[in-house]
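Listing of query.txt; format and content: compact mmCIF, N, CA and C atoms and all ligand atoms.
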# COMPACT_ATOMS: atom_id res chain seq x y z
N GLN A 1 -9.56 18.59 24.31
CA GLN A 1 -10.05 17.31 23.77
C GLN A 1 -11.05 17.55 22.63
N ASN A 2 -12.02 18.43 22.87
CA ASN A 2 -13.00 18.74 21.83
C ASN A 2 -12.35 19.36 20.60
N GLU A 3 -11.38 20.26 20.86
CA GLU A 3 -10.69 20.90 19.75
C GLU A 3 -9.92 19.88 18.92
N LYS A 4 -9.32 18.90 19.62
CA LYS A 4 -8.55 17.86 18.95
C LYS A 4 -9.47 17.03 18.06
N LEU A 5 -10.63 16.68 18.58
CA LEU A 5 -11.61 15.92 17.80
C LEU A 5 -11.99 16.68 16.56
N SER A 6 -12.19 17.99 16.71
CA SER A 6 -12.67 18.71 15.53
C SER A 6 -11.57 18.85 14.48
N VAL A 7 -10.29 18.88 14.89
CA VAL A 7 -9.21 18.89 13.89
C VAL A 7 -9.23 17.58 13.10
N ASP A 8 -9.35 16.45 13.80
CA ASP A 8 -9.41 15.15 13.12
C ASP A 8 -10.57 15.10 12.14
N LYS A 9 -11.71 15.62 12.59
CA LYS A 9 -12.90 15.59 11.75
C LYS A 9 -12.70 16.47 10.51
N ARG A 10 -12.10 17.63 10.72
CA ARG A 10 -11.88 18.54 9.59
C ARG A 10 -10.88 17.97 8.60
N LEU A 11 -9.84 17.30 9.11
CA LEU A 11 -8.86 16.68 8.21
C LEU A 11 -9.51 15.56 7.39
N THR A 12 -10.37 14.79 8.05
CA THR A 12 -11.07 13.72 7.32
C THR A 12 -11.98 14.32 6.26
N GLU A 13 -12.64 15.41 6.59
CA GLU A 13 -13.52 16.07 5.61
C GLU A 13 -12.73 16.58 4.41
N ILE A 14 -11.53 17.12 4.66
CA ILE A 14 -10.68 17.59 3.56
C ILE A 14 -10.30 16.42 2.65
N CYS A 15 -9.91 15.30 3.28
CA CYS A 15 -9.55 14.10 2.50
C CYS A 15 -10.73 13.66 1.64
N GLU A 16 -11.92 13.62 2.24
CA GLU A 16 -13.10 13.15 1.52
C GLU A 16 -13.47 14.10 0.38
N LEU A 17 -13.36 15.40 0.65
CA LEU A 17 -13.66 16.41 -0.37
C LEU A 17 -12.75 16.24 -1.59
N LEU A 18 -11.45 16.08 -1.32
CA LEU A 18 -10.48 15.94 -2.41
C LEU A 18 -10.70 14.63 -3.17
N GLU A 19 -10.88 13.55 -2.41
CA GLU A 19 -11.01 12.22 -3.04
C GLU A 19 -12.28 12.15 -3.90
N SER A 20 -13.36 12.77 -3.43
CA SER A 20 -14.62 12.63 -4.18
C SER A 20 -14.75 13.64 -5.32
N ASN A 21 -14.01 14.74 -5.28
CA ASN A 21 -14.18 15.76 -6.31
C ASN A 21 -13.14 15.72 -7.42
N ILE A 22 -12.00 15.13 -7.17
CA ILE A 22 -10.96 15.11 -8.21
C ILE A 22 -10.82 13.66 -8.68
N PRO A 23 -11.23 13.42 -9.94
CA PRO A 23 -11.38 12.04 -10.42
C PRO A 23 -10.11 11.20 -10.28
N TYR A 24 -8.95 11.82 -10.44
CA TYR A 24 -7.71 11.02 -10.38
C TYR A 24 -7.07 11.02 -8.99
N TYR A 25 -7.77 11.55 -7.98
CA TYR A 25 -7.33 11.40 -6.58
C TYR A 25 -8.11 10.21 -6.00
N ASP A 26 -7.46 9.04 -5.90
CA ASP A 26 -8.17 7.83 -5.49
C ASP A 26 -7.97 7.47 -4.03
N TRP A 27 -6.93 7.97 -3.42
CA TRP A 27 -6.71 7.81 -1.98
C TRP A 27 -6.02 9.08 -1.51
N VAL A 28 -6.56 9.68 -0.45
CA VAL A 28 -5.99 10.93 0.08
C VAL A 28 -5.81 10.77 1.58
N GLY A 29 -4.61 11.05 2.06
CA GLY A 29 -4.39 10.92 3.51
C GLY A 29 -3.38 11.94 4.03
N PHE A 30 -3.47 12.18 5.33
CA PHE A 30 -2.48 13.01 6.02
C PHE A 30 -1.68 12.13 6.99
N TYR A 31 -0.36 12.13 6.80
CA TYR A 31 0.55 11.50 7.76
C TYR A 31 1.22 12.61 8.56
N PHE A 32 1.47 12.34 9.85
CA PHE A 32 2.21 13.30 10.68
C PHE A 32 3.36 12.59 11.38
N LYS A 33 4.42 13.35 11.68
CA LYS A 33 5.52 12.79 12.45
C LYS A 33 4.99 12.36 13.81
N ASN A 34 5.41 11.18 14.25
CA ASN A 34 4.85 10.54 15.43
C ASN A 34 5.69 10.86 16.67
N GLY A 35 5.40 12.00 17.28
CA GLY A 35 6.12 12.38 18.50
C GLY A 35 7.61 12.46 18.24
N ASP A 36 8.40 11.85 19.11
CA ASP A 36 9.86 11.86 18.98
C ASP A 36 10.37 10.70 18.14
N LYS A 37 9.45 9.85 17.69
CA LYS A 37 9.88 8.67 16.94
C LYS A 37 10.25 9.04 15.50
N GLU A 38 11.16 8.26 14.93
CA GLU A 38 11.61 8.50 13.55
C GLU A 38 10.65 7.82 12.59
N GLU A 39 9.36 8.22 12.68
CA GLU A 39 8.34 7.57 11.85
C GLU A 39 7.15 8.50 11.62
N LEU A 40 6.40 8.19 10.57
CA LEU A 40 5.15 8.89 10.27
C LEU A 40 3.98 8.03 10.72
N LYS A 41 2.90 8.71 11.12
CA LYS A 41 1.69 7.99 11.51
C LYS A 41 0.51 8.55 10.72
N LEU A 42 -0.32 7.67 10.18
CA LEU A 42 -1.50 8.09 9.44
C LEU A 42 -2.53 8.69 10.40
N LYS A 43 -3.03 9.89 10.06
CA LYS A 43 -4.00 10.54 10.94
C LYS A 43 -5.41 10.49 10.36
N SER A 44 -5.54 10.88 9.10
CA SER A 44 -6.86 10.92 8.46
C SER A 44 -6.70 10.47 7.02
N PHE A 45 -7.75 9.87 6.47
CA PHE A 45 -7.69 9.48 5.06
C PHE A 45 -9.08 9.30 4.49
N ALA A 46 -9.14 9.26 3.14
CA ALA A 46 -10.34 8.88 2.41
C ALA A 46 -9.91 7.90 1.33
N GLY A 47 -10.69 6.85 1.12
CA GLY A 47 -10.35 5.78 0.19
C GLY A 47 -10.22 4.48 0.97
N GLU A 48 -9.66 3.47 0.32
CA GLU A 48 -9.52 2.16 0.95
C GLU A 48 -8.58 2.24 2.17
N PRO A 49 -8.92 1.54 3.26
CA PRO A 49 -8.00 1.49 4.40
C PRO A 49 -6.65 0.89 3.98
N THR A 50 -5.57 1.37 4.59
CA THR A 50 -4.23 0.87 4.26
C THR A 50 -3.61 0.17 5.47
N ASP A 51 -2.75 -0.81 5.20
CA ASP A 51 -2.00 -1.48 6.27
C ASP A 51 -0.86 -0.60 6.76
N HIS A 52 -0.52 0.43 5.98
CA HIS A 52 0.69 1.21 6.28
C HIS A 52 0.36 2.47 7.07
N GLU A 53 -0.06 2.25 8.33
CA GLU A 53 -0.41 3.39 9.18
C GLU A 53 0.84 4.00 9.81
N ILE A 54 1.89 3.21 9.90
CA ILE A 54 3.18 3.70 10.41
C ILE A 54 4.22 3.51 9.31
N ILE A 55 4.96 4.58 8.98
CA ILE A 55 6.01 4.50 7.96
C ILE A 55 7.30 5.08 8.54
N PRO A 56 8.37 4.27 8.63
CA PRO A 56 9.64 4.78 9.15
C PRO A 56 10.22 5.86 8.23
N PHE A 57 10.89 6.85 8.81
CA PHE A 57 11.57 7.88 8.01
C PHE A 57 12.49 7.19 7.01
N GLY A 58 12.48 7.70 5.77
CA GLY A 58 13.35 7.14 4.74
C GLY A 58 12.72 6.04 3.91
N LYS A 59 11.64 5.42 4.43
CA LYS A 59 11.02 4.30 3.70
C LYS A 59 9.87 4.79 2.84
N GLY A 60 9.83 4.30 1.60
CA GLY A 60 8.74 4.63 0.70
C GLY A 60 8.81 6.08 0.27
N ILE A 61 7.83 6.48 -0.50
CA ILE A 61 7.77 7.86 -0.99
C ILE A 61 7.53 8.80 0.20
N CYS A 62 6.61 8.38 1.08
CA CYS A 62 6.28 9.21 2.26
C CYS A 62 7.49 9.40 3.16
N GLY A 63 8.15 8.30 3.47
CA GLY A 63 9.31 8.36 4.37
C GLY A 63 10.45 9.20 3.80
N GLN A 64 10.57 9.19 2.47
CA GLN A 64 11.61 10.02 1.84
C GLN A 64 11.29 11.51 1.96
N VAL A 65 10.00 11.85 1.84
CA VAL A 65 9.60 13.26 1.96
C VAL A 65 9.77 13.74 3.41
N ALA A 66 9.61 12.83 4.36
CA ALA A 66 9.81 13.20 5.78
C ALA A 66 11.23 13.70 6.01
N VAL A 67 12.20 13.19 5.23
CA VAL A 67 13.59 13.63 5.42
C VAL A 67 14.06 14.66 4.39
N SER A 68 13.45 14.67 3.19
CA SER A 68 13.91 15.61 2.14
C SER A 68 13.27 16.98 2.27
N ASN A 69 12.09 17.04 2.90
CA ASN A 69 11.29 18.29 3.01
C ASN A 69 10.87 18.82 1.64
N LYS A 70 10.82 17.95 0.64
CA LYS A 70 10.50 18.40 -0.73
C LYS A 70 9.31 17.63 -1.30
N ASN A 71 8.58 18.31 -2.19
CA ASN A 71 7.50 17.64 -2.92
C ASN A 71 8.08 16.42 -3.65
N PHE A 72 7.30 15.35 -3.74
CA PHE A 72 7.72 14.16 -4.48
C PHE A 72 6.56 13.74 -5.39
N VAL A 73 6.76 13.91 -6.67
CA VAL A 73 5.74 13.52 -7.66
C VAL A 73 6.23 12.26 -8.37
N VAL A 74 5.42 11.22 -8.31
CA VAL A 74 5.78 9.93 -8.91
C VAL A 74 4.79 9.61 -10.03
N PRO A 75 5.20 9.81 -11.29
CA PRO A 75 4.28 9.55 -12.40
C PRO A 75 4.00 8.06 -12.60
N ASP A 76 4.98 7.21 -12.21
CA ASP A 76 4.84 5.77 -12.42
C ASP A 76 5.49 5.05 -11.23
N VAL A 77 4.66 4.51 -10.35
CA VAL A 77 5.21 3.90 -9.12
C VAL A 77 6.09 2.69 -9.41
N LYS A 78 5.87 2.03 -10.55
CA LYS A 78 6.68 0.85 -10.90
C LYS A 78 8.15 1.20 -11.13
N ALA A 79 8.40 2.46 -11.45
CA ALA A 79 9.77 2.90 -11.71
C ALA A 79 10.54 3.24 -10.43
N GLN A 80 9.87 3.15 -9.26
CA GLN A 80 10.50 3.51 -7.99
C GLN A 80 10.98 2.26 -7.26
N ASN A 81 12.21 2.26 -6.74
CA ASN A 81 12.61 1.08 -5.95
C ASN A 81 12.38 1.28 -4.45
N ASN A 82 12.31 2.52 -3.99
CA ASN A 82 11.96 2.77 -2.58
C ASN A 82 10.51 3.22 -2.53
N TYR A 83 9.61 2.24 -2.62
CA TYR A 83 8.18 2.51 -2.72
C TYR A 83 7.44 1.46 -1.91
N ILE A 84 6.41 1.89 -1.17
CA ILE A 84 5.58 0.96 -0.39
C ILE A 84 4.22 0.86 -1.08
N ALA A 85 3.91 -0.30 -1.61
CA ALA A 85 2.64 -0.49 -2.32
C ALA A 85 1.50 -0.66 -1.33
N CYS A 86 0.44 0.14 -1.50
CA CYS A 86 -0.74 0.02 -0.65
C CYS A 86 -1.85 -0.73 -1.36
N SER A 87 -1.86 -0.66 -2.68
CA SER A 87 -2.91 -1.31 -3.46
C SER A 87 -2.36 -1.58 -4.86
N ILE A 88 -2.75 -2.71 -5.43
CA ILE A 88 -2.26 -3.06 -6.78
C ILE A 88 -2.81 -2.10 -7.84
N HIS A 89 -3.85 -1.35 -7.49
CA HIS A 89 -4.46 -0.44 -8.47
C HIS A 89 -3.69 0.87 -8.63
N VAL A 90 -2.81 1.16 -7.67
CA VAL A 90 -2.15 2.47 -7.67
C VAL A 90 -1.08 2.54 -8.76
N LYS A 91 -1.16 3.60 -9.58
CA LYS A 91 -0.18 3.79 -10.66
C LYS A 91 0.73 4.98 -10.43
N ALA A 92 0.24 5.96 -9.65
CA ALA A 92 1.01 7.19 -9.45
C ALA A 92 0.75 7.73 -8.05
N GLU A 93 1.66 8.59 -7.59
CA GLU A 93 1.53 9.12 -6.22
C GLU A 93 2.12 10.52 -6.16
N ILE A 94 1.56 11.35 -5.28
CA ILE A 94 2.15 12.67 -5.01
C ILE A 94 2.15 12.88 -3.50
N VAL A 95 3.29 13.35 -3.00
CA VAL A 95 3.41 13.64 -1.56
C VAL A 95 3.96 15.05 -1.40
N ILE A 96 3.24 15.87 -0.63
CA ILE A 96 3.62 17.27 -0.42
C ILE A 96 3.81 17.50 1.08
N PRO A 97 5.01 17.94 1.50
CA PRO A 97 5.24 18.16 2.93
C PRO A 97 4.39 19.30 3.48
N LEU A 98 4.08 19.20 4.79
CA LEU A 98 3.25 20.20 5.47
C LEU A 98 4.14 20.90 6.51
N PHE A 99 4.27 22.21 6.36
CA PHE A 99 5.17 22.97 7.22
C PHE A 99 4.40 23.81 8.22
N VAL A 100 4.86 23.81 9.47
CA VAL A 100 4.38 24.75 10.48
C VAL A 100 5.61 25.49 11.02
N ASN A 101 5.59 26.81 10.90
CA ASN A 101 6.75 27.63 11.28
C ASN A 101 8.04 27.11 10.64
N GLY A 102 7.96 26.76 9.37
CA GLY A 102 9.13 26.31 8.64
C GLY A 102 9.57 24.88 8.91
N GLU A 103 8.86 24.19 9.80
CA GLU A 103 9.24 22.82 10.15
C GLU A 103 8.31 21.81 9.46
N ASN A 104 8.92 20.81 8.83
CA ASN A 104 8.17 19.74 8.17
C ASN A 104 7.58 18.82 9.24
N ILE A 105 6.26 18.92 9.44
CA ILE A 105 5.64 18.14 10.53
C ILE A 105 4.79 16.98 10.02
N GLY A 106 4.59 16.92 8.70
CA GLY A 106 3.76 15.86 8.14
C GLY A 106 3.62 16.05 6.65
N GLN A 107 2.57 15.49 6.10
CA GLN A 107 2.44 15.53 4.64
C GLN A 107 1.04 15.13 4.20
N ILE A 108 0.67 15.57 3.01
CA ILE A 108 -0.51 15.02 2.35
C ILE A 108 0.00 14.04 1.29
N ASP A 109 -0.65 12.89 1.24
CA ASP A 109 -0.25 11.81 0.33
C ASP A 109 -1.46 11.45 -0.52
N ILE A 110 -1.27 11.44 -1.85
CA ILE A 110 -2.36 11.08 -2.75
C ILE A 110 -1.92 9.99 -3.70
N ASP A 111 -2.75 8.93 -3.79
CA ASP A 111 -2.52 7.84 -4.73
C ASP A 111 -3.50 7.98 -5.88
N SER A 112 -3.05 7.60 -7.08
CA SER A 112 -3.92 7.65 -8.24
C SER A 112 -3.92 6.33 -8.99
N HIS A 113 -5.08 5.96 -9.51
CA HIS A 113 -5.20 4.76 -10.35
C HIS A 113 -4.95 5.11 -11.82
N THR A 114 -4.71 6.38 -12.09
CA THR A 114 -4.41 6.88 -13.44
C THR A 114 -2.90 7.03 -13.57
N GLU A 115 -2.37 6.70 -14.73
CA GLU A 115 -0.93 6.86 -14.91
C GLU A 115 -0.56 8.31 -15.22
N ASP A 116 0.48 8.80 -14.59
CA ASP A 116 1.03 10.14 -14.81
C ASP A 116 -0.04 11.26 -14.81
N PRO A 117 -0.83 11.37 -13.73
CA PRO A 117 -1.94 12.33 -13.72
C PRO A 117 -1.58 13.70 -13.13
N PHE A 118 -0.46 13.78 -12.40
CA PHE A 118 -0.22 14.98 -11.59
C PHE A 118 0.60 16.02 -12.34
N SER A 119 0.13 17.27 -12.29
CA SER A 119 0.82 18.38 -12.95
C SER A 119 1.39 19.32 -11.88
N HIS A 120 2.08 20.35 -12.36
CA HIS A 120 2.58 21.37 -11.44
C HIS A 120 1.43 22.04 -10.70
N GLU A 121 0.27 22.12 -11.34
CA GLU A 121 -0.91 22.72 -10.68
C GLU A 121 -1.35 21.93 -9.47
N ASP A 122 -1.23 20.59 -9.54
CA ASP A 122 -1.55 19.78 -8.36
C ASP A 122 -0.60 20.11 -7.22
N GLU A 123 0.68 20.29 -7.56
CA GLU A 123 1.65 20.65 -6.51
C GLU A 123 1.27 21.98 -5.86
N LEU A 124 0.98 22.98 -6.69
CA LEU A 124 0.63 24.31 -6.14
C LEU A 124 -0.65 24.24 -5.32
N PHE A 125 -1.64 23.51 -5.84
CA PHE A 125 -2.92 23.38 -5.15
C PHE A 125 -2.73 22.69 -3.80
N LEU A 126 -1.96 21.59 -3.78
CA LEU A 126 -1.79 20.84 -2.53
C LEU A 126 -0.90 21.58 -1.53
N GLU A 127 0.04 22.38 -2.04
CA GLU A 127 0.82 23.25 -1.14
C GLU A 127 -0.12 24.22 -0.44
N TRP A 128 -1.07 24.76 -1.20
CA TRP A 128 -2.06 25.69 -0.65
C TRP A 128 -2.94 24.99 0.38
N VAL A 129 -3.40 23.77 0.06
CA VAL A 129 -4.20 22.99 1.02
C VAL A 129 -3.42 22.82 2.32
N ASN A 130 -2.15 22.45 2.21
CA ASN A 130 -1.34 22.24 3.42
C ASN A 130 -1.15 23.53 4.22
N GLU A 131 -1.02 24.66 3.51
CA GLU A 131 -0.91 25.95 4.23
C GLU A 131 -2.18 26.22 5.03
N LYS A 132 -3.33 25.90 4.43
CA LYS A 132 -4.62 26.10 5.12
C LYS A 132 -4.71 25.14 6.32
N VAL A 133 -4.29 23.90 6.13
CA VAL A 133 -4.33 22.92 7.22
C VAL A 133 -3.43 23.37 8.37
N ALA A 134 -2.25 23.91 8.02
CA ALA A 134 -1.31 24.36 9.06
C ALA A 134 -1.97 25.40 9.97
N GLU A 135 -2.91 26.16 9.41
CA GLU A 135 -3.58 27.21 10.20
C GLU A 135 -4.59 26.65 11.21
N ILE A 136 -5.07 25.42 10.99
CA ILE A 136 -6.08 24.86 11.91
C ILE A 136 -5.49 23.85 12.89
N LEU A 137 -4.19 23.58 12.77
CA LEU A 137 -3.59 22.57 13.68
C LEU A 137 -3.35 23.13 15.08
N1 LIG B 1 2.94 4.52 -1.19
C1 LIG B 1 3.38 5.17 0.01
C2 LIG B 1 2.84 4.48 1.24
C3 LIG B 1 1.57 5.05 1.73
S1 LIG B 1 0.23 4.55 0.80
O1 LIG B 1 0.33 5.21 -0.54
C4 LIG B 1 -1.21 4.99 1.51
C5 LIG B 1 4.89 5.22 0.06
O2 LIG B 1 5.57 4.64 -0.78
O3 LIG B 1 5.41 5.86 0.98
Just give me the structure of the file as structure tokens.
Amino acid sequence: QNEKLSVDKRLTEICELLESNIPYYDWVGFYFKNGDKEELKLKSFAGEPTDHEIIPFGKGICGQVAVSNKNFVVPDVKAQNNYIACSIHVKAEIVIPLFVNGENIGQIDIDSHTEDPFSHEDELFLEWVNEKVAEIL
């Protein structure tokens, strides 16, 4: 129980660190697959609270990454038809799957109020963050 609490706390700290230090990271959260259900559940985040704490597989950018197992970089959310809007301010999004023993168990999701802000370096950096997170789960 204590160990579980400290994982939640550490994930929240990671979200807060990223959101407060990188100007174009405006919302940062970790979603994880919800047991045996075909859905993602929000575990930790920094930024405005979202109504979308549960996302079915296949729905939105997050739900698509749950099934594709691939990074999804969205330079302009308006150009996406399978997209779940969390805030009218969001212009771009990046979702990077989180693997444990080769299995996609969740993801880091970042929203930006800046248009087209994410580069290949963000992908590499967030892949590294997820590798570190996988070690503490
Ligand atoms: N925009 C996401 C939903 C999650 S919010 O960004 C916090 C999506 O389309 O899956």
Using only C-alpha atoms and all ligand atoms, find each residue with an atom at most 9 Å away from ligand LIG 1 (chain B) and format the answer as a PyMOL selection string. chain A and resi 27-29+31+42+45+48-55+58-65+77+80+82-87+90+92-95+109-111
Counting only N, CA and C atoms, which residue out of A:Asn104, A:Glu123, A:Glu115, A:Asp26 sits closest to Pro75 of chain A?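 Counting only N, CA and C atoms, the residue closest to Pro75 of chain A is A:Glu115.
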Would you list, as JSON, numbers by chain, the residues of segment 50-82 of chain A that end up in helix (DSSP H, G or I) under DSSP run on this structure's backbone? {"A": [60, 61, 62, 63, 64, 65, 66, 67, 68, 77, 78, 79]}
Looking at only C-alpha atoms, which of A:Leu137, A:Val67, A:Phe72, A:Leu17 is the one that sits closest to Asp122 of chain A?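 That would be A:Phe72, the residue with the smallest distance to Asp122 of chain A.
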Quick check, in Å to one decimal: how far apart do atom CA of Phe118 of chain A and atom CA of Pro23 of chain A lie? 11.6 Å
